[in-house]
file structure39.txt (compact mmCIF, C-alpha atoms)
# COMPACT_ATOMS: atom_id res chain seq x y z
CA MET S 25 0.00 0.00 0.00
CA PRO S 26 1.54 3.34 -0.97
CA ARG S 27 1.65 6.30 1.43
CA LEU S 28 0.95 9.39 -0.66
CA PHE S 29 1.06 13.16 -0.41
CA THR S 30 1.20 16.07 -2.81
CA GLY S 31 3.80 18.76 -2.68
CA LEU S 32 6.18 21.19 -4.29
CA GLU S 33 9.76 20.24 -5.02
CA ILE S 34 12.55 22.45 -3.71
CA PRO S 35 15.17 23.37 -6.34
CA ALA S 36 18.70 22.09 -5.62
CA ASP S 37 20.18 25.57 -5.10
CA ILE S 38 17.46 26.48 -2.58
CA GLY S 39 17.92 23.11 -0.87
CA PHE S 40 21.65 23.75 -0.57
CA ALA S 41 21.04 27.19 0.94
CA LEU S 42 18.57 25.68 3.44
CA SER S 43 21.03 22.91 4.35
CA LEU S 44 23.47 25.61 5.51
CA LYS S 45 21.05 26.31 8.38
CA ARG S 46 22.06 23.02 10.01
CA GLY S 47 23.82 23.26 13.33
CA ALA S 48 24.08 22.00 16.85
CA LEU S 49 20.52 21.54 18.06
CA THR S 50 19.69 19.00 20.74
CA GLY S 51 17.52 16.18 19.46
CA ALA S 52 17.61 17.30 15.80
CA ARG S 53 17.49 14.73 13.03
CA TRP S 54 18.28 16.80 9.95
CA ILE S 55 16.35 16.08 6.77
CA ASP S 56 18.36 15.23 3.66
CA PRO S 57 18.17 18.21 1.26
CA ASP S 58 17.02 15.83 -1.50
CA ASP S 59 13.87 15.26 0.58
CA TYR S 60 13.04 18.94 1.16
CA HIS S 61 9.57 19.80 -0.12
CA ILE S 62 6.47 21.81 0.71
CA THR S 63 3.60 19.46 1.50
CA LEU S 64 0.34 20.56 -0.05
CA ARG S 65 -1.86 17.67 1.07
CA PHE S 66 -1.06 14.53 3.05
CA ILE S 67 -3.18 11.68 1.70
CA GLY S 68 -1.93 8.69 3.68
CA ASP S 69 -1.88 4.97 3.03
CA VAL S 70 -4.09 3.93 0.13
CA ASP S 71 -4.57 0.81 -1.96
CA ASN S 72 -3.25 0.70 -5.53
CA GLN S 73 -6.66 1.35 -7.14
CA SER S 74 -7.20 4.42 -4.95
CA ALA S 75 -3.69 5.62 -5.77
CA ASP S 76 -4.51 5.40 -9.49
CA ASP S 77 -7.80 7.26 -8.96
CA ILE S 78 -6.04 9.98 -6.97
CA ALA S 79 -3.34 10.40 -9.62
CA ALA S 80 -5.99 10.74 -12.33
CA SER S 81 -8.03 13.22 -10.25
CA LEU S 82 -5.02 15.48 -9.75
CA ASP S 83 -4.63 15.75 -13.52
CA ARG S 84 -7.58 18.16 -13.46
CA LEU S 85 -5.43 20.72 -11.65
CA SER S 86 -2.68 20.92 -14.26
CA HIS S 87 -4.36 24.01 -15.68
CA SER S 88 -3.46 26.00 -12.55
CA MET S 89 -1.17 28.97 -13.11
CA ARG S 90 2.54 29.04 -12.32
CA PHE S 91 3.64 31.17 -9.39
CA SER S 92 6.64 31.80 -7.15
CA VAL S 93 7.27 30.82 -3.54
CA ARG S 94 9.32 32.80 -1.06
CA LEU S 95 10.81 31.27 2.09
CA THR S 96 11.22 33.99 4.71
CA HIS S 97 11.99 32.67 8.19
CA LEU S 98 12.85 29.80 10.50
CA GLY S 99 10.21 28.49 12.87
CA SER S 100 9.20 25.44 14.84
CA PHE S 101 6.09 23.39 15.49
CA GLY S 102 5.28 22.12 18.95
CA GLY S 103 5.80 25.04 21.35
CA ASP S 104 7.50 23.91 24.57
CA LYS S 105 7.93 20.39 23.14
CA PRO S 106 9.12 21.19 19.62
CA ARG S 107 8.79 18.44 17.05
CA ALA S 108 10.06 20.15 13.88
CA LEU S 109 12.26 23.02 12.71
CA TYR S 110 11.15 24.55 9.43
CA ALA S 111 11.64 27.29 6.86
CA GLY S 112 8.38 29.21 6.60
CA VAL S 113 6.66 30.29 3.39
CA GLU S 114 5.49 33.87 2.91
CA PRO S 115 1.68 34.06 2.54
CA ASN S 116 0.85 33.38 -1.11
CA GLU S 117 -2.62 33.49 -2.64
CA SER S 118 -1.69 31.27 -5.61
CA LEU S 119 -0.25 28.60 -3.31
CA SER S 120 -3.34 28.72 -1.10
CA ARG S 121 -5.65 28.40 -4.13
CA LEU S 122 -3.70 25.38 -5.44
CA GLN S 123 -3.81 23.68 -2.04
CA ALA S 124 -7.56 24.36 -1.66
CA ALA S 125 -8.23 23.02 -5.16
CA GLN S 126 -6.32 19.85 -4.28
CA GLU S 127 -8.35 19.48 -1.10
CA ARG S 128 -11.60 19.66 -3.11
CA VAL S 129 -10.43 17.23 -5.82
CA LEU S 130 -9.08 14.73 -3.30
CA GLN S 131 -12.26 14.77 -1.23
CA ARG S 132 -14.26 14.09 -4.42
CA ALA S 133 -11.90 11.14 -5.02
CA GLY S 134 -12.83 9.74 -1.60
CA VAL S 135 -9.93 11.02 0.53
CA PRO S 136 -11.15 12.13 3.98
CA PRO S 137 -10.87 15.89 4.70
CA GLU S 138 -7.58 17.18 6.09
CA GLY S 139 -8.00 17.90 9.79
CA ARG S 140 -5.13 20.36 10.10
CA ARG S 141 -4.85 23.95 8.91
CA PHE S 142 -2.53 24.41 5.90
CA VAL S 143 0.76 25.96 7.06
CA PRO S 144 3.18 25.88 4.11
CA HIS S 145 6.77 25.17 5.15
CA VAL S 146 9.89 23.15 4.41
CA THR S 147 10.79 20.80 7.27
CA LEU S 148 14.52 21.07 7.95
CA ALA S 149 14.76 18.81 11.01
CA ARG S 150 12.59 16.55 13.10
CA LEU S 151 13.11 17.21 16.80
CA ARG S 152 13.02 14.84 19.73
CA GLY S 153 14.02 15.44 23.30
CA GLY S 154 14.77 19.14 22.93
CA ASN S 155 12.91 22.03 24.47
CA GLY S 156 11.41 25.28 23.27
CA MET S 157 14.22 27.36 24.75
CA ASP S 158 16.88 25.39 22.85
CA VAL S 159 15.00 25.87 19.59
CA ALA S 160 14.42 29.58 20.23
CA ARG S 161 18.13 30.00 20.97
CA PHE S 162 19.07 28.09 17.81
CA ILE S 163 16.79 30.27 15.67
CA ALA S 164 18.13 33.46 17.27
CA GLU S 165 21.75 32.37 16.77
CA ALA S 166 21.07 31.36 13.15
CA GLY S 167 21.03 35.06 12.34
CA ARG S 168 19.04 36.87 9.71
CA PHE S 169 17.18 34.62 7.30
CA GLU S 170 17.83 35.86 3.79
CA PRO S 171 14.61 35.21 1.85
CA LEU S 172 14.83 32.50 -0.79
CA SER S 173 12.50 32.59 -3.80
CA PHE S 174 11.87 30.12 -6.58
CA PRO S 175 9.35 29.62 -9.39
CA VAL S 176 6.88 26.76 -9.20
CA GLY S 177 6.26 25.08 -12.54
CA ARG S 178 4.58 21.93 -11.27
CA PHE S 179 3.32 20.07 -8.24
CA VAL S 180 3.96 16.38 -7.67
CA LEU S 181 2.42 13.29 -6.16
CA TYR S 182 4.96 11.79 -3.76
CA SER S 183 5.12 8.39 -2.14
CA SER S 184 7.01 7.58 1.00
CA ARG S 185 7.83 4.51 2.95
CA ASN S 186 6.13 3.92 6.26
CA SER S 187 8.89 4.96 8.65
CA VAL S 188 9.75 7.55 11.23
CA GLY S 189 10.35 10.76 9.32
CA GLY S 190 9.17 9.41 5.98
CA GLY S 191 11.90 9.79 3.35
CA PRO S 192 13.27 9.03 1.02
CA TYR S 193 10.41 10.44 -1.00
CA VAL S 194 9.69 9.32 -4.56
CA VAL S 195 7.98 11.47 -7.20
CA GLU S 196 5.23 9.23 -8.59
CA GLN S 197 3.80 11.78 -11.00
CA GLY S 198 4.32 15.42 -11.90
CA TYR S 199 1.57 17.87 -12.83
CA PRO S 200 2.82 20.87 -14.82
CA LEU S 201 1.30 24.27 -14.24
CA VAL S 202 0.61 26.58 -17.16
CA ALA S 203 2.49 29.81 -17.78

call {"tool": "encode", "arguments": {"input": "structure39.txt", "output": "structure tokens"}}
result
Amino acid sequence: MPRLFTGLEIPADIGFALSLKRGALTGARWIDPDDYHITLRFIGDVDNQSADDIAASLDRLSHSMRFSVRLTHLGSFGGDKPRALYAGVEPNESLSRLQAAQERVLQRAGVPPEGRRFVPHVTLARLRGGNGMDVARFIAEAGRFEPLSFPVGRFVLYSSRNSVGGGPYVVEQGYPLVA
């Protein structure tokens, strides 16, 4: 059974720049830059027929317009018990529209609604055993985050193995966006 999600690929040069943010952070398991992405919609474990139906349904969104994404800051999820360090995405109407369209198409294909609010980001590290103060100190010591921008020409359907932290991720199908 494949575990699926949709997302945006991170260009190699942006991935390299993000990888330079690595450092000494208690409990951090740093993500391989090849696995950096922006998740649009987690789908989960599905059977092969459902995977085929989902892939076909996403084809309807290939007419969406191209846009750019801008990463602007470091942040963390989890408050006092942080679970992830991420690079945050500047609010972007085109990105939000694409994600909402995917949500609608996937629900029509039988995927249950997403229970979490969409917060676009690139996970840099999964955290375990650290505390909020350590993460806040790490972010403060990382210095100014120079914004990183890149054009988005497609979204992809990824698969992952069922493991802690996911990766490596495999692009199962790409869906080009129009100019």

call {"tool": "closest_residue", "arguments": {"input": "structure39.txt", "among": "S:Arg141, S:Trp54, S:Tyr60, S:Pro136", "to": "Asp37 of chain S", "atoms": "only C-alpha atoms"}}
result
S:Tyr60

call {"tool": "residues_around", "arguments": {"input": "structure39.txt", "residues": "Gly102 of chain S", "least_positions_apart": "2", "cutoff": "12 Å", "atoms": "only C-alpha atoms", "output": "VMD selection string"}}
result
chain S and resid 99 to 100 104 to 110 150 to 157 159 to 160

call {"tool": "closest_residue", "arguments": {"input": "structure39.txt", "among": "S:Leu130, S:Ile38, S:Ala166, S:Val143", "to": "Ala79 of chain S", "atoms": "all atoms listed in the file"}}
result
S:Leu130

call {"tool": "residues_near_point", "arguments": {"input": "structure39.txt", "point": "(26.3, 26.4, 14.4)", "cutoff": "10 Å", "atoms": "only C-alpha atoms", "output": "list in words"}}
result
Leu44, Lys45, Arg46, Gly47, Ala48, Leu49, Phe162, Glu165 and Ala166 of chain S

call {"tool": "closest_residue", "arguments": {"input": "structure39.txt", "among": "S:Phe174, S:Tyr199, S:Tyr182, S:Phe40", "to": "Ser81 of chain S", "atoms": "only C-alpha atoms"}}
result
S:Tyr199

call {"tool": "residues_around", "arguments": {"input": "structure39.txt", "residues": "Leu98 of chain S", "least_positions_apart": "5", "cutoff": "7 Å", "atoms": "only C-alpha atoms", "output": "list of chain:residue names"}}
result
S:Tyr110, S:Ala111, S:Gly112, S:Ile163

call {"tool": "residues_around", "arguments": {"input": "structure39.txt", "residues": "Ala125 of chain S", "least_positions_apart": "6", "cutoff": "12 Å", "atoms": "only C-alpha atoms", "output": "list in words"}}
result
Thr30, Leu64, Arg65, Ser81, Leu82, Asp83, Arg84, Leu85, Ser86, His87, Ser88, Ser118, Leu119, Gln131 and Arg132 of chain S
